[in-house]
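*Asks:* Compact mmCIF, C-alpha atoms, file my_file-v5.txt:
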# COMPACT_ATOMS: atom_id res chain seq x y z
CA MET W 1 18.66 -20.33 -24.43
CA THR W 2 20.73 -23.21 -23.14
CA GLU W 3 19.25 -26.71 -23.18
CA SER W 4 20.92 -27.68 -19.89
CA TYR W 5 18.22 -25.84 -17.96
CA ALA W 6 14.52 -26.66 -17.76
CA ILE W 7 13.52 -23.04 -17.26
CA VAL W 8 15.51 -19.98 -18.33
CA SER W 9 14.28 -16.40 -18.32
CA ASP W 10 16.11 -13.37 -19.63
CA HIS W 11 14.91 -10.02 -18.25
CA LEU W 12 11.32 -11.33 -18.33
CA THR W 13 9.01 -8.42 -17.61
CA LYS W 14 5.26 -7.93 -17.29
CA LYS W 15 3.36 -4.67 -16.93
CA PHE W 16 -0.36 -4.20 -16.41
CA GLY W 17 -0.84 -0.61 -17.53
CA LYS W 18 1.43 1.43 -15.27
CA ILE W 19 1.81 -1.42 -12.77
CA LEU W 20 5.12 -3.27 -13.00
CA ALA W 21 4.20 -6.80 -11.88
CA VAL W 22 7.45 -8.59 -12.78
CA ASN W 23 10.66 -6.70 -13.43
CA LYS W 24 13.51 -8.14 -15.53
CA LEU W 25 13.34 -11.61 -14.02
CA ASN W 26 16.36 -13.84 -14.66
CA LEU W 27 16.03 -17.54 -13.84
CA LYS W 28 18.13 -20.62 -14.56
CA ILE W 29 16.47 -23.74 -13.15
CA PRO W 30 18.15 -27.09 -13.91
CA TYR W 31 16.20 -30.17 -14.96
CA GLY W 32 15.06 -32.41 -12.13
CA LYS W 33 15.11 -29.68 -9.48
CA THR W 34 12.32 -28.29 -7.35
CA TYR W 35 12.25 -24.49 -7.31
CA GLY W 36 10.23 -22.50 -4.79
CA LEU W 37 9.21 -18.90 -5.46
CA LEU W 38 8.29 -17.09 -2.24
CA GLY W 39 6.97 -13.60 -1.73
CA PRO W 40 4.17 -11.49 -0.27
CA ASN W 41 0.76 -11.22 -1.89
CA GLY W 42 1.04 -9.18 -5.07
CA ALA W 43 4.80 -9.72 -5.36
CA GLY W 44 4.57 -11.23 -8.85
CA LYS W 45 4.58 -15.00 -8.18
CA THR W 46 1.38 -15.89 -10.02
CA THR W 47 2.18 -13.50 -12.88
CA THR W 48 5.55 -15.25 -13.28
CA VAL W 49 4.10 -18.76 -13.56
CA ARG W 50 1.37 -17.59 -15.91
CA MET W 51 3.97 -16.07 -18.23
CA LEU W 52 6.16 -19.18 -18.10
CA ASN W 53 3.13 -21.31 -18.99
CA ALA W 54 2.31 -19.06 -21.97
CA ILE W 55 -1.06 -18.21 -20.42
CA ILE W 56 -0.43 -14.47 -20.45
CA SER W 57 1.94 -12.61 -22.74
CA LYS W 58 5.14 -10.96 -21.57
CA THR W 59 5.79 -7.24 -21.94
CA SER W 60 9.49 -7.64 -22.67
CA GLY W 61 12.38 -10.05 -22.23
CA ASN W 62 12.02 -13.73 -23.05
CA ALA W 63 12.18 -17.23 -21.63
CA SER W 64 12.48 -20.87 -22.58
CA VAL W 65 10.69 -23.74 -20.89
CA GLY W 66 11.78 -27.30 -21.62
CA GLY W 67 13.96 -25.95 -24.41
CA TYR W 68 11.01 -24.26 -26.14
CA ASP W 69 10.94 -20.54 -26.80
CA LEU W 70 8.21 -18.67 -24.95
CA LEU W 71 7.55 -16.33 -27.85
CA SER W 72 7.50 -18.71 -30.82
CA GLN W 73 6.79 -22.16 -29.34
CA ASN W 74 4.14 -21.53 -26.71
CA GLU W 75 1.97 -24.48 -27.83
CA ASP W 76 4.88 -26.84 -27.18
CA ILE W 77 5.34 -25.33 -23.73
CA ARG W 78 1.69 -25.95 -22.87
CA ARG W 79 2.03 -29.55 -24.08
CA ILE W 80 4.94 -30.46 -21.81
CA CYS W 81 3.84 -28.51 -18.72
CA GLY W 82 1.33 -29.24 -16.00
CA PHE W 83 -0.14 -26.21 -14.24
CA LEU W 84 -2.11 -25.94 -11.02
CA PRO W 85 -3.35 -22.34 -10.69
CA GLU W 86 -3.92 -20.73 -7.31
CA SER W 87 -7.66 -20.46 -7.99
CA PRO W 88 -8.42 -23.32 -10.39
CA GLY W 89 -11.70 -23.56 -12.26
CA LEU W 90 -13.83 -26.67 -12.40
CA TYR W 91 -16.92 -27.68 -14.35
CA SER W 92 -19.23 -28.28 -11.41
CA LYS W 93 -21.78 -30.29 -13.44
CA LEU W 94 -19.18 -32.93 -14.35
CA THR W 95 -18.07 -35.77 -12.15
CA ALA W 96 -14.42 -35.95 -11.10
CA LYS W 97 -13.88 -38.82 -13.52
CA GLU W 98 -15.56 -36.98 -16.41
CA PHE W 99 -13.53 -33.83 -15.70
CA LEU W 100 -10.21 -35.69 -15.68
CA GLU W 101 -11.14 -37.57 -18.86
CA PHE W 102 -11.98 -34.22 -20.47
CA ILE W 103 -8.58 -32.78 -19.47
CA GLY W 104 -6.86 -35.88 -20.85
CA GLU W 105 -8.63 -35.42 -24.17
CA LEU W 106 -7.45 -31.80 -24.34
CA TYR W 107 -3.90 -33.20 -24.40
CA TYR W 108 -4.90 -35.70 -27.14
CA LEU W 109 -4.02 -38.67 -24.93
CA PRO W 110 -5.20 -42.12 -26.12
CA LYS W 111 -8.39 -43.26 -24.39
CA ASP W 112 -6.75 -46.27 -22.76
CA VAL W 113 -3.98 -44.05 -21.33
CA ILE W 114 -6.58 -41.59 -20.02
CA SER W 115 -8.54 -44.39 -18.36
CA THR W 116 -5.46 -45.85 -16.67
CA ARG W 117 -4.15 -42.51 -15.42
CA VAL W 118 -7.54 -41.39 -14.12
CA GLU W 119 -7.85 -44.61 -12.10
CA GLU W 120 -4.32 -44.24 -10.72
CA LEU W 121 -4.78 -40.61 -9.75
CA ILE W 122 -8.17 -41.20 -8.14
CA GLU W 123 -6.65 -43.98 -6.05
CA LEU W 124 -3.55 -41.92 -5.18
CA PHE W 125 -5.60 -39.00 -3.88
CA ASP W 126 -8.14 -41.16 -2.05
CA LEU W 127 -11.12 -40.14 -4.21
CA GLU W 128 -12.40 -43.69 -4.72
CA GLY W 129 -16.13 -43.95 -4.18
CA ARG W 130 -16.64 -40.28 -5.06
CA GLU W 131 -15.25 -40.26 -8.61
CA ASN W 132 -18.76 -40.44 -10.11
CA ASP W 133 -20.19 -37.66 -7.92
CA LEU W 134 -20.69 -34.19 -9.37
CA LEU W 135 -17.90 -31.76 -8.52
CA GLU W 136 -20.43 -29.26 -7.19
CA GLY W 137 -20.85 -31.55 -4.18
CA TYR W 138 -17.12 -31.71 -3.41
CA SER W 139 -15.48 -29.89 -0.51
CA ARG W 140 -12.79 -27.31 -1.28
CA GLY W 141 -10.10 -29.79 -0.31
CA MET W 142 -11.49 -32.48 -2.60
CA LYS W 143 -11.71 -30.01 -5.46
CA GLN W 144 -8.05 -29.13 -4.90
CA LYS W 145 -7.16 -32.82 -5.17
CA VAL W 146 -8.99 -33.09 -8.49
CA CYS W 147 -7.18 -30.01 -9.81
CA ILE W 148 -3.81 -31.51 -8.87
CA CYS W 149 -4.83 -34.69 -10.70
CA ALA W 150 -5.64 -32.57 -13.75
CA ALA W 151 -2.19 -30.96 -13.62
CA LEU W 152 -0.54 -34.39 -13.63
CA ILE W 153 -2.70 -36.38 -16.03
CA GLN W 154 -0.55 -35.89 -19.15
CA ASP W 155 2.60 -36.87 -17.23
CA PRO W 156 4.23 -33.45 -17.78
CA GLN W 157 7.98 -32.90 -17.88
CA ILE W 158 7.69 -29.64 -15.95
CA ILE W 159 5.08 -29.01 -13.28
CA PHE W 160 4.00 -25.59 -12.03
CA LEU W 161 2.12 -25.59 -8.72
CA ASP W 162 0.67 -22.35 -7.35
CA GLU W 163 -0.10 -22.95 -3.64
CA PRO W 164 -0.53 -26.74 -4.10
CA THR W 165 -1.57 -27.50 -0.50
CA SER W 166 -4.17 -24.75 -0.34
CA ASN W 167 -7.46 -25.96 1.22
CA LEU W 168 -6.01 -29.37 2.08
CA ASP W 169 -6.14 -30.95 5.51
CA PRO W 170 -2.80 -32.03 7.04
CA ALA W 171 -3.12 -35.64 5.81
CA ALA W 172 -3.90 -34.62 2.23
CA ALA W 173 -1.18 -31.96 2.32
CA ARG W 174 1.31 -34.64 3.33
CA VAL W 175 0.23 -36.79 0.36
CA VAL W 176 0.89 -33.85 -1.98
CA LYS W 177 4.28 -33.09 -0.41
CA ASN W 178 5.32 -36.74 -0.67
CA LEU W 179 4.17 -36.82 -4.28
CA ILE W 180 6.21 -33.72 -5.12
CA SER W 181 9.28 -35.31 -3.56
CA GLU W 182 8.74 -38.56 -5.45
CA LEU W 183 8.19 -36.80 -8.77
CA ALA W 184 11.42 -34.85 -8.40
CA ARG W 185 13.55 -37.67 -7.00
CA LYS W 186 12.31 -40.75 -8.85
CA ALA W 187 10.62 -39.40 -11.98
CA ASP W 188 13.16 -36.62 -12.58
CA LYS W 189 10.45 -34.01 -12.95
CA THR W 190 11.21 -30.30 -12.75
CA ILE W 191 8.82 -28.62 -10.33
CA PHE W 192 8.16 -24.92 -9.85
CA ILE W 193 6.22 -24.09 -6.68
CA CYS W 194 4.71 -20.81 -5.56
CA THR W 195 3.89 -20.92 -1.87
CA HIS W 196 3.48 -18.87 1.29
CA LEU W 197 4.41 -21.85 3.44
CA LEU W 198 8.04 -21.48 4.40
CA ASP W 199 8.27 -24.91 6.02
CA SER W 200 7.00 -26.55 2.82
CA ALA W 201 9.50 -24.60 0.71
CA GLU W 202 12.34 -25.55 3.03
CA GLU W 203 11.31 -29.21 2.98
CA LEU W 204 10.68 -29.60 -0.75
CA CYS W 205 12.76 -27.08 -2.68
CA ASP W 206 16.33 -27.45 -3.90
CA ILE W 207 16.42 -23.75 -4.81
CA ILE W 208 14.39 -20.90 -3.35
CA GLY W 209 13.83 -17.45 -4.80
CA ILE W 210 12.22 -14.56 -2.92
CA ILE W 211 10.41 -11.96 -5.02
CA VAL W 212 9.31 -8.56 -3.72
CA ASP W 213 7.42 -5.97 -5.78
CA GLY W 214 8.25 -7.86 -8.97
CA ASN W 215 11.99 -8.04 -8.27
CA LEU W 216 13.83 -11.27 -7.50
CA GLU W 217 15.70 -10.16 -4.39
CA ILE W 218 17.63 -13.33 -3.56
CA GLU W 219 18.05 -16.90 -4.74
CA GLY W 220 19.79 -20.02 -3.42
CA THR W 221 19.35 -22.94 -1.09
CA SER W 222 17.54 -22.37 2.17
CA ARG W 223 20.86 -22.45 4.05
CA GLU W 224 22.51 -20.01 1.62
CA ILE W 225 19.67 -17.52 1.99
CA ILE W 226 19.68 -17.76 5.78
CA GLU W 227 23.44 -17.24 5.98
CA SER W 228 23.51 -14.42 3.42
CA VAL W 229 21.29 -12.16 5.56
CA GLY W 230 22.52 -13.35 8.95
CA ALA W 231 19.17 -14.84 9.91
CA LYS W 232 18.27 -17.50 12.48
CA ASN W 233 16.05 -19.48 10.09
CA LEU W 234 14.19 -19.15 6.79
CA GLU W 235 11.27 -17.30 8.38
CA ASP W 236 13.63 -14.73 9.88
CA ALA W 237 15.43 -14.38 6.53
CA TYR W 238 12.13 -13.99 4.67
CA LEU W 239 10.98 -11.22 7.01
CA LYS W 240 14.28 -9.38 6.62
CA ILE W 241 14.24 -9.63 2.83
CA THR W 242 10.58 -8.74 2.36
CA GLY W 243 10.67 -5.90 4.91
CA ALA W 244 10.22 -6.77 8.58
CA SER W 245 9.87 -3.03 9.23
CA HIS W 246 6.24 -3.39 8.20
CA ILE W 247 5.68 -5.48 11.29
CA ASP W 248 7.48 -2.90 13.45
CA ASP W 249 5.28 -0.19 11.93
CA LEU W 250 2.16 -2.18 12.74
CA LEU W 251 3.23 -2.68 16.34
CA ALA W 252 4.12 0.99 16.64
CA TRP W 253 0.66 1.92 15.37
CA ARG W 254 -0.89 -0.39 17.94
CA GLU W 255 1.16 1.19 20.73
CA GLU W 256 0.12 4.68 19.61
CA ILE W 257 -3.55 3.68 19.75
CA SER W 258 -3.06 2.20 23.22
CA VAL W 259 -1.48 5.44 24.46
CA GLU W 260 -4.29 7.51 22.92
CA ASN W 261 -6.89 5.26 24.54
CA GLU W 262 -5.14 5.57 27.90
CA ILE W 263 -5.07 9.38 27.65
CA HIS W 264 -8.74 9.43 26.64
CA THR W 265 -9.66 7.20 29.60
CA LYS W 266 -7.80 9.45 32.04
CA LYS W 267 -9.58 12.53 30.64
CA GLN W 268 -12.95 10.82 30.99
CA LYS W 269 -12.22 9.84 34.59
CA LYS W 270 -11.12 13.38 35.40
CA LYS W 271 -14.24 14.83 33.78
CA TYR W 272 -16.48 12.40 35.63
CA SER W 273 -14.73 13.21 38.90
CA LYS W 274 -15.46 16.97 38.48
CA VAL W 275 -19.11 16.31 37.64
CA SER W 276 -19.61 14.06 40.67
CA ARG W 277 -18.38 16.80 42.99
Could you render the structure as structure tokens?
*Replies:*
Amino acid sequence: MTESYAIVSDHLTKKFGKILAVNKLNLKIPYGKTYGLLGPNGAGKTTTVRMLNAIISKTSGNASVGGYDLLSQNEDIRRICGFLPESPGLYSKLTAKEFLEFIGELYYLPKDVISTRVEELIELFDLEGRENDLLEGYSRGMKQKVCICAALIQDPQIIFLDEPTSNLDPAAARVVKNLISELARKADKTIFICTHLLDSAEELCDIIGIIVDGNLEIEGTSREIIESVGAKNLEDAYLKITGASHIDDLLAWREEISVENEIHTKKQKKKYSKVSR
């Protein structure tokens, strides 16, 4: 695996029984870039980031993250990576401050470093005044903020974010987007985002990949993807690549139901007319 790339995968594959979740995925993501992986639900996005974070094992193929081999150096990968899962877990009986201190200790950070970073993150995400409240009393959006703080507390080289603006109001989502931009541009972080939000991907990502049924169908800049399929914009390109025919099928089904309802109504009126005579 070459050291000039932050993330490299070579035919990375994951099967769950007979289900092929990710099929021979090949990635080459340079350091300091923001990569966005788009795709429908169940396409393999979350499985991909979990494999790259050494959370679940691969079926075949291999990868390197930050120059470390996925098979033999998974502890090193966990050490240099921050990961925000799509459905993060929290210890509801801890305060936000206690939870972040706990996460910092898991990375063996010095206590003074933990204290400083917790204060900075709490201020950055506007959690001041609530940091000593139990997490069970937090809204979904506030919990998401705490989870993002946890993904950043060890100052990771590579950051994986699975739906990072999920549950956030527009103002908080803007804070997260700005932070992602700053981390990539000023701190030279490599960021891997899984998202359904095409506008966010277009705004934040240097490279976009679209995965369908476990297969990486296309990869490039937003403009390259749009031009390659002759689309008007990224949304149009996404629909073409992932199968816009599904939408046509849905509309056709709706039209068929409407026709059936119309025929049924006419029959009922005719029947009622005969009875009334």
*Asks:* Residues within 12 Å of range 63-65 of chain W, please, as a ChimeraX atom specification. Count all atoms listed in the file; anything in the same chain fewer than 2 positions from it doesn't count.
*Replies:* /W:1-13,24-31,48-49,51-54,57-61,67-82,157-160,190-192
*Asks:* Might you pull out every residue within 12 Å of Tyr138 in chain W, with all atoms listed in the file counted and same-chain residues fewer than 5 positions away left off, and present them as a ChimeraX atom specification?
*Replies:* /W:90-96,127,130-133,143-147
*Asks:* Just give me the gap between CA of Ser200 in chain W and CA of Asn233 in chain W in Å, one decimal is fine.
*Replies:* 13.6 Å
*Asks:* Ile241 in chain W: which residues within 8 Å, counting all atoms listed in the file, same-chain residues fewer than 3 positions away excluded, as a list in words?
*Replies:*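 Listed by chain and then number, they are Ile210, Glu217, Val229, Ala237, Tyr238 and Ala244 of chain W.
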*Asks:* Report, in Å to a single decimal, how far apart CA of Pro164 in chain W and CA of Leu134 in chain W are.
*Replies:*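 If I compute the distance from CA of Leu134 in chain W to CA of Pro164 in chain W, I get 22.1 Å.
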*Asks:* Could you pull the residues within 7 Å of Gly209 in chain W, counting all atoms listed in the file, minus those fewer than 2 positions along the same chain, as number ranges by chain?
*Replies:* W: 36-38, 207, 211, 216, 218-220
*Asks:* Could you pull the residues within 10 Å of Ala184 in chain W, counting only C-alpha atoms, minus those fewer than 2 positions along the same chain, as an mmCIF file with C-alpha atoms, in the frame of the given file?
*Replies:*
data_model
loop_
_atom_site.group_PDB
_atom_site.id
_atom_site.type_symbol
_atom_site.label_atom_id
_atom_site.label_comp_id
_atom_site.auth_asym_id
_atom_site.auth_seq_id
_atom_site.Cartn_x
_atom_site.Cartn_y
_atom_site.Cartn_z
ATOM 1 C CA TYR W 31 16.200 -30.170 -14.960
ATOM 2 C CA GLY W 32 15.060 -32.410 -12.130
ATOM 3 C CA LYS W 33 15.110 -29.680 -9.480
ATOM 4 C CA THR W 34 12.320 -28.290 -7.350
ATOM 5 C CA ILE W 158 7.690 -29.640 -15.950
ATOM 6 C CA ILE W 159 5.080 -29.010 -13.280
ATOM 7 C CA LEU W 179 4.170 -36.820 -4.280
ATOM 8 C CA ILE W 180 6.210 -33.720 -5.120
ATOM 9 C CA SER W 181 9.280 -35.310 -3.560
ATOM 10 C CA GLU W 182 8.740 -38.560 -5.450
ATOM 11 C CA LYS W 186 12.310 -40.750 -8.850
ATOM 12 C CA ALA W 187 10.620 -39.400 -11.980
ATOM 13 C CA ASP W 188 13.160 -36.620 -12.580
ATOM 14 C CA LYS W 189 10.450 -34.010 -12.950
ATOM 15 C CA THR W 190 11.210 -30.300 -12.750
ATOM 16 C CA ILE W 191 8.820 -28.620 -10.330
ATOM 17 C CA LEU W 204 10.680 -29.600 -0.750
ATOM 18 C CA CYS W 205 12.760 -27.080 -2.680
ATOM 19 C CA ASP W 206 16.330 -27.450 -3.900
#
*Asks:* Identify which of the residues W:Leu100, W:Ile148, W:Ala43, W:Leu183 lies closest to Leu161 in chain W, counting only C-alpha atoms when measuring atom-to-atom distances.
*Replies:* W:Ile148
*Asks:* Work out how far CA of Ile103 in chain W is from CA of Phe83 in chain W, in Å to one decimal.
*Replies:* 11.9 Å
*Asks:* Restricting the calculation to only C-alpha atoms: of W:Val118, W:Ala171, W:Leu152, W:Leu135, which residue gets closest to Leu84 in chain W?
*Replies:*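 Using only C-alpha atoms, Leu84 in chain W sits closest to W:Leu152.
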*Asks:* Which protein, DNA or RNA residues are at most 12 Å from (10.1, -14.3, 9.4) in the file's coordinates when you count only C-alpha atoms, listed as a list in words?
*Replies:* Gly39, Pro40, His196, Leu197, Leu198, Asp199, Ile226, Ala231, Lys232, Asn233, Leu234, Glu235, Asp236, Ala237, Tyr238, Leu239, Lys240, Ile241, Thr242, Gly243, Ala244, Ser245, His246 and Ile247 of chain W
*Asks:* Smallest atom-to-atom distance to Leu124 in chain W: which of W:Val176, W:Ile55, W:Ile193, W:Leu106, using all atoms listed in the file?
*Replies:*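 Comparing W:Val176, W:Ile55, W:Ile193, W:Leu106 against Leu124 in chain W, the winner is W:Val176.
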*Asks:* Which residue is closest to Thr165 in chain W? Choose from W:Gly42, W:Gly141, W:Gly230, W:Gly129 and count all atoms listed in the file.
*Replies:*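 Nearest candidate to Thr165 in chain W out of W:Gly42, W:Gly141, W:Gly230, W:Gly129: W:Gly141.
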*Asks:* Grab all the atoms of range 116-122 of chain W that the file lists, wrap them in a box along x, y and z, add 8 Å per side, and give me centre plus edge lengths in Å (one decimal) as AutoDock Vina command-line options.
*Replies:*
--center_x -6.2 --center_y -43.2 --center_z -12.4 --size_x 20.0 --size_y 21.2 --size_z 24.5
